[in-house]
Amino acid sequence: MKEIIDTINGIIWSNALIFLCLAAGVYFSFSLKFVQVTYFREMIRLLFGGQASDKGVSSFQAFAIAISGRVGTGNIAGVATAIAMGGPGAVFWMWAIAFLGASSAFIESTLGQIYKEVNDGQYRGGPSYYIEKGLGMKWYAMIFAFATILSTVIFLPGVQSNSIALSAKNAFDLPVEYTGIAITIFLALIILGGVKRISKVAEVVVPFMALAYILMALIIIFINITEVPSVFALIFKSAFNFEATYSGVFGMAVAWGVKRGIYSNEAGQGTAPHAAAAAEVKHPANQGLVQAFSVYVDTLFVCTATAFMILFTGQFNVVNPEGGFIVENLPGVPYGAEYTQYAIATHFPSIGKGFVAISLLFFAFTTIMAYYFIAETNLSYLTRNKSSKWAIRLLQVAILGATFYGSVKTAEVAWTLGDIGVGLMAWLNIIAILLLRKPAFKAWEDYKKQKKEGKDPVFVAKNVGIENTDLWK
């Protein structure tokens, strides 16, 4: 079974997908004239604007749901894995895919808003909706919906719960079964309350967890402030094959940096548009800008914090593709969250491992919440206002089962299944947004035009020649 899973993962995560992700980011960045830089202040302003309604959540709540999905195991264990497999240079390529991916995130989230609709009394949207309405390909939309439900319910939750269980075992010597049962019970209490409860929990927990983790990283950076230039130099030299120690993993640095970058920030993967579509806003570009900013929070803030803590303290190994290790500072320690635990414990021995375990609990748990939200949105697409209580219950039971199962299975299998899930959605969504780029470009030009006229932009689809929209009359 493991060989079959590894073969499928190798096909999905070939160099073609890595090139496609980078190429899409470059294309959208130039087409939008680097919106991720030129409209940075506008992103911050819009983040705290807008109010929730009976049908939709506020911009900040949608941002929090998206961050719940983006900020997870990938920010702690994923960064460590990238360094282990590609050396310090992988961190640069995580930055690169985040910077370029912010433009892809803008496109997909704007499309999510343009083609959203009201199902079950709530705003619903995402790739399935914009593929059907924008491209007129219902078969393609249904494939995405099924692939996303499969990924977010079966493949991806196990990565998160597995990392929580292993870090708790490492820090507190808790059996993984006990941790798995506790996670499953708390998850049930939240998802049974529906989308509104998920958004309210995310709105409170996400800012707290991200700020606490970044604060710890800033303390460690301050302690090692004199080493900051040398760590930056190590990352850049390794990224471009100028560091002899890591020359043997140059190709792996690019591959794993992009792979773990996409896993972490999800830009272009097609998950964030589900949360973006749930927001109550006056113009689709509003939420596009907010979601572009969420990529920065995930990778440039949280992932960088993890990378610096690991590299400052030297608490990592780097695998030699030909066998053995290029660097082995932690003999016998598997790559993953343990690197981060050892890094923080270097400066704070009494709390280091426990702090990471608790951080990972919040990060990964909220990510599983976001997975359920995404799965329910795609189920709503497939049922379209028909009575589907039994299907929702089945979905809830399935994700709870996958969460518990993931907490007790091996980390390697969990990560491979997670990569398959991410890769499936990324292939389907990036092709879709490249084909459907024109409506997003039109919405963006309309937004800029109204801003130049001194207006608070309000979107009317027919004014820019976009059809098949239910809610922008």
# chains A, B, ... in the order shown; residues from 1 in each chain; ligands from 1
$ residues_around --residues "Gln36 in chain A" --least-positions-apart "2" --cutoff "8 Å" --atoms "only C-alpha atoms" --output "list in words"
Ser29, Phe34, Thr38, Tyr39, Phe40, Phe99, Ala102, Ser103, Leu289, Ala292 and Phe293 of chain A
$ write_last_selection --atoms "C-alpha atoms" --output "PDB file, in the first residue's frame"
ATOM      1  CA  SER A  29       1.992  38.949 -10.657  1.00  0.00           C
ATOM      2  CA  PHE A  34       2.362  43.146  -8.556  1.00  0.00           C
ATOM      3  CA  THR A  38       1.348  47.994  -4.634  1.00  0.00           C
ATOM      4  CA  TYR A  39      -1.899  47.487  -2.688  1.00  0.00           C
ATOM      5  CA  PHE A  40      -0.424  46.254   0.586  1.00  0.00           C
ATOM      6  CA  PHE A  99       5.261  36.139  -2.882  1.00  0.00           C
ATOM      7  CA  ALA A 102      -0.223  35.968  -3.297  1.00  0.00           C
ATOM      8  CA  SER A 103      -1.292  37.028  -6.798  1.00  0.00           C
ATOM      9  CA  LEU A 289      -6.891  41.600  -1.459  1.00  0.00           C
ATOM     10  CA  ALA A 292      -3.623  37.802  -0.706  1.00  0.00           C
ATOM     11  CA  PHE A 293      -2.532  39.281   2.621  1.00  0.00           C
TER      12      PHE A 293
END
$ residues_around --residues "Phe155 in chain A" --least-positions-apart "2" --cutoff "10 Å" --atoms "only C-alpha atoms" --output "VMD selection string"
chain A and resid 148 to 153 157 to 159 399 402 to 403 406 413 to 422
$ closest_residue --among "A:Tyr140, A:Phe316, A:Phe172, A:Phe63" --to "Met85 in chain A" --atoms "only C-alpha atoms"
A:Phe316
$ closest_residue --among "A:Phe242, A:Phe362, A:Tyr115, A:Gly454" --to "Gly136 in chain A" --atoms "only C-alpha atoms"
A:Tyr115
$ closest_residue --among "A:Ser161, A:Thr7, A:Gln291, A:Ser247" --to "Pro321 in chain A" --atoms "only C-alpha atoms"
A:Ser247
$ closest_residue --among "A:Ala202, A:Phe312, A:Phe208, A:Ile164" --to "Val356 in chain A" --atoms "only C-alpha atoms"
A:Ile164
$ select_by_dssp --residues "range 113-262 of chain A" --states "helix (DSSP H, G or I)" --output "ChimeraX atom specification"
/A:113-114,127-135,138-155,157-172,176-191,194-223,225-239,244-262
$ decode --residues "range 67-150 of chain A" --atoms "C-alpha atoms" --output "PDB file, in the first residue's frame"
ATOM      1  CA  ILE A  67      -5.830  31.601   8.008  1.00  0.00           C
ATOM      2  CA  SER A  68      -7.183  28.635   9.981  1.00  0.00           C
ATOM      3  CA  GLY A  69      -6.639  26.563   6.859  1.00  0.00           C
ATOM      4  CA  ARG A  70      -3.335  28.136   5.890  1.00  0.00           C
ATOM      5  CA  VAL A  71      -1.645  28.267   9.304  1.00  0.00           C
ATOM      6  CA  GLY A  72      -1.302  24.683  10.449  1.00  0.00           C
ATOM      7  CA  THR A  73       1.118  21.799  10.598  1.00  0.00           C
ATOM      8  CA  GLY A  74       2.872  23.108   7.490  1.00  0.00           C
ATOM      9  CA  ASN A  75       4.109  26.130   9.446  1.00  0.00           C
ATOM     10  CA  ILE A  76       5.852  24.049  12.102  1.00  0.00           C
ATOM     11  CA  ALA A  77       6.417  20.512  10.851  1.00  0.00           C
ATOM     12  CA  GLY A  78       6.294  21.451   7.148  1.00  0.00           C
ATOM     13  CA  VAL A  79       9.095  24.019   7.414  1.00  0.00           C
ATOM     14  CA  ALA A  80      11.223  21.510   9.307  1.00  0.00           C
ATOM     15  CA  THR A  81      10.551  18.904   6.617  1.00  0.00           C
ATOM     16  CA  ALA A  82      11.546  21.344   3.850  1.00  0.00           C
ATOM     17  CA  ILE A  83      14.847  22.078   5.608  1.00  0.00           C
ATOM     18  CA  ALA A  84      15.467  18.368   6.235  1.00  0.00           C
ATOM     19  CA  MET A  85      14.914  17.422   2.590  1.00  0.00           C
ATOM     20  CA  GLY A  86      16.230  20.539   0.785  1.00  0.00           C
ATOM     21  CA  GLY A  87      18.540  22.263   3.244  1.00  0.00           C
ATOM     22  CA  PRO A  88      18.264  25.914   4.361  1.00  0.00           C
ATOM     23  CA  GLY A  89      17.798  27.012   0.725  1.00  0.00           C
ATOM     24  CA  ALA A  90      14.294  25.523   0.733  1.00  0.00           C
ATOM     25  CA  VAL A  91      13.210  28.448   2.947  1.00  0.00           C
ATOM     26  CA  PHE A  92      13.938  30.913   0.128  1.00  0.00           C
ATOM     27  CA  TRP A  93      11.772  28.942  -2.277  1.00  0.00           C
ATOM     28  CA  MET A  94       8.978  28.931   0.296  1.00  0.00           C
ATOM     29  CA  TRP A  95       9.265  32.734   0.323  1.00  0.00           C
ATOM     30  CA  ALA A  96       9.284  32.842  -3.475  1.00  0.00           C
ATOM     31  CA  ILE A  97       6.128  30.755  -3.890  1.00  0.00           C
ATOM     32  CA  ALA A  98       4.422  32.835  -1.170  1.00  0.00           C
ATOM     33  CA  PHE A  99       5.261  36.139  -2.882  1.00  0.00           C
ATOM     34  CA  LEU A 100       4.206  34.893  -6.310  1.00  0.00           C
ATOM     35  CA  GLY A 101       1.339  32.874  -4.885  1.00  0.00           C
ATOM     36  CA  ALA A 102      -0.223  35.968  -3.297  1.00  0.00           C
ATOM     37  CA  SER A 103      -1.292  37.028  -6.798  1.00  0.00           C
ATOM     38  CA  SER A 104      -2.783  33.571  -7.449  1.00  0.00           C
ATOM     39  CA  ALA A 105      -4.604  33.854  -4.117  1.00  0.00           C
ATOM     40  CA  PHE A 106      -6.023  37.215  -5.221  1.00  0.00           C
ATOM     41  CA  ILE A 107      -7.345  35.728  -8.476  1.00  0.00           C
ATOM     42  CA  GLU A 108      -8.940  32.623  -6.972  1.00  0.00           C
ATOM     43  CA  SER A 109     -10.540  34.504  -4.072  1.00  0.00           C
ATOM     44  CA  THR A 110     -11.914  37.240  -6.323  1.00  0.00           C
ATOM     45  CA  LEU A 111     -13.429  34.549  -8.541  1.00  0.00           C
ATOM     46  CA  GLY A 112     -14.881  32.884  -5.454  1.00  0.00           C
ATOM     47  CA  GLN A 113     -16.712  36.126  -4.649  1.00  0.00           C
ATOM     48  CA  ILE A 114     -17.854  36.837  -8.231  1.00  0.00           C
ATOM     49  CA  TYR A 115     -19.553  33.469  -8.705  1.00  0.00           C
ATOM     50  CA  LYS A 116     -20.814  32.801  -5.158  1.00  0.00           C
ATOM     51  CA  GLU A 117     -24.456  31.963  -4.510  1.00  0.00           C
ATOM     52  CA  VAL A 118     -26.798  31.363  -1.570  1.00  0.00           C
ATOM     53  CA  ASN A 119     -27.210  27.709  -0.571  1.00  0.00           C
ATOM     54  CA  ASP A 120     -28.754  26.545   2.697  1.00  0.00           C
ATOM     55  CA  GLY A 121     -29.318  30.213   3.610  1.00  0.00           C
ATOM     56  CA  GLN A 122     -25.581  31.032   3.504  1.00  0.00           C
ATOM     57  CA  TYR A 123     -23.097  32.335   0.956  1.00  0.00           C
ATOM     58  CA  ARG A 124     -21.343  29.442  -0.739  1.00  0.00           C
ATOM     59  CA  GLY A 125     -18.625  29.599  -3.341  1.00  0.00           C
ATOM     60  CA  GLY A 126     -15.260  28.275  -4.437  1.00  0.00           C
ATOM     61  CA  PRO A 127     -13.658  26.580  -7.435  1.00  0.00           C
ATOM     62  CA  SER A 128     -16.593  24.254  -8.120  1.00  0.00           C
ATOM     63  CA  TYR A 129     -18.912  27.240  -8.412  1.00  0.00           C
ATOM     64  CA  TYR A 130     -16.653  29.385 -10.601  1.00  0.00           C
ATOM     65  CA  ILE A 131     -15.653  26.468 -12.808  1.00  0.00           C
ATOM     66  CA  GLU A 132     -19.310  25.693 -13.580  1.00  0.00           C
ATOM     67  CA  LYS A 133     -20.518  29.291 -13.949  1.00  0.00           C
ATOM     68  CA  GLY A 134     -17.427  30.878 -15.450  1.00  0.00           C
ATOM     69  CA  LEU A 135     -16.164  28.082 -17.683  1.00  0.00           C
ATOM     70  CA  GLY A 136     -19.462  26.287 -18.244  1.00  0.00           C
ATOM     71  CA  MET A 137     -17.835  22.952 -17.385  1.00  0.00           C
ATOM     72  CA  LYS A 138     -20.075  21.241 -14.851  1.00  0.00           C
ATOM     73  CA  TRP A 139     -18.225  17.941 -15.236  1.00  0.00           C
ATOM     74  CA  TYR A 140     -14.953  19.673 -14.311  1.00  0.00           C
ATOM     75  CA  ALA A 141     -16.646  21.415 -11.365  1.00  0.00           C
ATOM     76  CA  MET A 142     -17.986  18.103 -10.068  1.00  0.00           C
ATOM     77  CA  ILE A 143     -14.558  16.478 -10.354  1.00  0.00           C
ATOM     78  CA  PHE A 144     -13.106  19.316  -8.275  1.00  0.00           C
ATOM     79  CA  ALA A 145     -15.905  19.016  -5.693  1.00  0.00           C
ATOM     80  CA  PHE A 146     -15.394  15.255  -5.314  1.00  0.00           C
ATOM     81  CA  ALA A 147     -11.585  15.600  -5.222  1.00  0.00           C
ATOM     82  CA  THR A 148     -11.823  18.343  -2.595  1.00  0.00           C
ATOM     83  CA  ILE A 149     -14.218  16.403  -0.370  1.00  0.00           C
ATOM     84  CA  LEU A 150     -11.944  13.352  -0.651  1.00  0.00           C
TER      85      LEU A 150
END
